Amino acid sequence: MSNYEIVKREDFSDVTYLLEVRHPMMARAAKPGQFVIVMLSEHGERVPLTIADFDREKGTVTLVIQAVGKTTRQMQQECKVGGSLYGLVGPMGIPTPDSHARKVICVGGGLGVAPVYPQARALKEGGAYVIGVIGFRTKDLVFWEEKFGAICDELIICSDDGTVGLHGRVTAGIEQALKKHPDVDEVIAIGPPIMMKSCAETTRPYKIKTMVSLNPIMVDGTGMCGGCRVKVGDKVKFACVDGPDFDGHLVDFDDLMMRLRRYTKEERMALEHWEKGCRMQRSVDKAVTAAAGK
């Protein structure tokens with residue numbers, strides 16, 4: 001049996017899904033803030049994914065994935081309970097340092113809701129007062145509300161269209177929390193780069209420590225390829241070995257977002273090629289089924 005057996009799958013929406021994978025050694029070693037590199041097949045892409053949860057007793061790690069590119073869409077189609085992943089390497093990255101903050105706002109936007117969960121849980125277990133702010137485009141995309149409710153002293157849900165919770169982006173939730181709790185020591189924000197940038201700008205006037213988790217293009221995950229370099233203050237850092245957590249007030253988000261767009265053309269071509277192959281295979285399957293029925 002594969003060491004990387006998929007033991008649970010849950011679909012939160014048409015594009016967001018959860019995979020729970022059996023890997024006892026990784027589950028024992030994993031800490032909040034770390035990530036793994038996944039390979040679906042022997043010649044497949046190496047995909048970095050932040051660990052959304054881990055269960056040391058069950059020996060499993062949980063990944064929450066958004067089907068946006070060729071590989072993540074292929075995984076959405078092919079990864080089923082009882083199947084397996086070809087490769088699962090990690091945990092990688094520097095774990096989120098132990099915080100001495102007594103009151104923290106943990107912010108997750110969209111897919112970033114998943115990786116901020118273990119950080120919020122660790123802070124709560126460490127005795128901090130945890131305020132959760134999680135944001136989604138619409139009510140139908142909400143997930144893990146109960147999980148956050150169980151570990152957060154307060155939970156603010158935001159939605160872009162106002163169908164659930166506070167009408168607005170997560171920055172509106174941060175502002176609401178800060179008005180009620182001016183003694184917040186730290187903010188942790190995970191989500192799309194533009195969202196993390198907005199969170200950092202929201203907290204900057206308050207001079208509140210704000211940590212973000214960066215997601216640059218990454219290949220090997222060991223600092224050798226240099227693809228994941230980011231500008232933090234006046235220094236160049238590598239997210240895979242120096243991060244992925246950095247001071248949000250120092251990160252050059254504009255440079256990060258520019259680098260993330262560097263391979264847009266190639267990513268689109270890979271997706272189109274894969275989708276064409278899928279359509280051809282469906283046509284063959286349909287023809288075989290029709291022939292068998294005659």
# chains A, B, ... in the order shown; residues from 1 in each chain; ligands from 1
>>> residues_around(residues="stretch 27-33 of chain A", least_positions_apart="6", cutoff="6 Å", atoms="only C-alpha atoms", output="list in words")
Phe54, Arg56, Gly59, Thr60, Val61, Pro91, Pro95, Thr96, Pro118 and Gln119 of chain A
>>> residues_around(residues="A:Gly223", least_positions_apart="3", cutoff="9 Å", atoms="only C-alpha atoms", output="PyMOL selection string")
chain A and resi 220+226-229+238-242
>>> residues_around(residues="stretch 183-200 of chain A", least_positions_apart="5", cutoff="9 Å", atoms="only C-alpha atoms", output="number ranges by chain")
A: 99-116, 119-120, 169-171, 174, 177-178, 208-215, 247-249, 251-254, 256-257
>>> residues_around(residues="A:Ala172", least_positions_apart="6", cutoff="10 Å", atoms="only C-alpha atoms", output="PDB file with N, CA and C atoms, in the first residue's frame")
ATOM      1  N   VAL A 133     -11.042  35.919  11.478  1.00  0.00           N
ATOM      2  CA  VAL A 133     -11.704  36.678  10.412  1.00  0.00           C
ATOM      3  C   VAL A 133     -11.503  35.878   9.132  1.00  0.00           C
ATOM      4  N   GLY A 135     -12.901  35.165   5.114  1.00  0.00           N
ATOM      5  CA  GLY A 135     -13.655  35.816   4.061  1.00  0.00           C
ATOM      6  C   GLY A 135     -13.819  34.951   2.826  1.00  0.00           C
ATOM      7  N   ILE A 156     -15.493  36.277  12.913  1.00  0.00           N
ATOM      8  CA  ILE A 156     -16.139  37.205  11.994  1.00  0.00           C
ATOM      9  C   ILE A 156     -16.045  36.623  10.585  1.00  0.00           C
ATOM     10  N   CYS A 158     -16.827  37.197   6.618  1.00  0.00           N
ATOM     11  CA  CYS A 158     -17.057  38.268   5.656  1.00  0.00           C
ATOM     12  C   CYS A 158     -17.384  37.662   4.291  1.00  0.00           C
ATOM     13  N   LEU A 166     -20.486  39.634   7.575  1.00  0.00           N
ATOM     14  CA  LEU A 166     -20.225  41.035   7.317  1.00  0.00           C
ATOM     15  C   LEU A 166     -20.062  41.279   5.819  1.00  0.00           C
ATOM     16  N   LEU A 178     -10.517  45.458  15.432  1.00  0.00           N
ATOM     17  CA  LEU A 178      -9.607  46.412  16.071  1.00  0.00           C
ATOM     18  C   LEU A 178     -10.359  47.501  16.834  1.00  0.00           C
ATOM     19  N   CYS A 199      -4.421  43.633   3.895  1.00  0.00           N
ATOM     20  CA  CYS A 199      -4.409  43.424   5.350  1.00  0.00           C
ATOM     21  C   CYS A 199      -3.237  44.170   5.984  1.00  0.00           C
ATOM     22  N   THR A 202      -3.914  47.784   6.110  1.00  0.00           N
ATOM     23  CA  THR A 202      -4.939  48.095   7.112  1.00  0.00           C
ATOM     24  C   THR A 202      -4.343  48.182   8.509  1.00  0.00           C
TER      25      THR A 202
END
>>> atom_distance(atom1="atom CA of A:Gly221", atom2="atom CA of A:Gly87")
13.5 Å
>>> select_by_dssp(residues="stretch 28-274 of chain A", states="strand (DSSP E or B)", output="number ranges by chain")
A: 35-39, 47-50, 53-55, 60-66, 84, 87-92, 103-109, 129-136, 154-159, 166-167, 186-190, 209-213, 229-232, 235-238, 245-247, 251
>>> closest_atom_pairs(of="stretch 38-153 of chain A", to="stretch 1-21 of chain A", cutoff="8 Å", atoms="only C-alpha atoms", output="tab-separated table")
residue	atom	partner	partner_atom	distance
A:Thr60	CA	A:Val21	CA	5.4
A:Val61	CA	A:Val21	CA	5.5
A:Thr62	CA	A:Glu20	CA	4.4
A:Leu63	CA	A:Leu19	CA	5.3
A:Val64	CA	A:Leu18	CA	4.4
A:Ile65	CA	A:Tyr17	CA	5.4
A:Gln66	CA	A:Thr16	CA	4.5
A:Ala67	CA	A:Val15	CA	5.0
A:Val68	CA	A:Val15	CA	7.5
A:Gln76	CA	A:Tyr17	CA	7.3
A:Cys79	CA	A:Ile6	CA	7.5
A:Lys80	CA	A:Arg9	CA	6.7
A:Val81	CA	A:Ile6	CA	5.1
A:Gly82	CA	A:Ile6	CA	5.6
A:Gly83	CA	A:Ile6	CA	5.5
A:Ser84	CA	A:Glu5	CA	4.2
A:Leu85	CA	A:Tyr4	CA	5.4
A:Tyr86	CA	A:Tyr4	CA	7.2
A:Gly87	CA	A:Tyr4	CA	7.3
A:Leu88	CA	A:Tyr4	CA	6.9
A:Leu111	CA	A:Thr16	CA	7.7
A:Asp140	CA	A:Ser13	CA	7.3
A:Leu141	CA	A:Ser13	CA	6.0
A:Val142	CA	A:Phe12	CA	7.7
A:Phe143	CA	A:Phe12	CA	6.4
>>> residues_around(residues="A:Ser159", least_positions_apart="4", cutoff="7 Å", atoms="only C-alpha atoms", output="PyMOL selection string")
chain A and resi 135-139+163-169
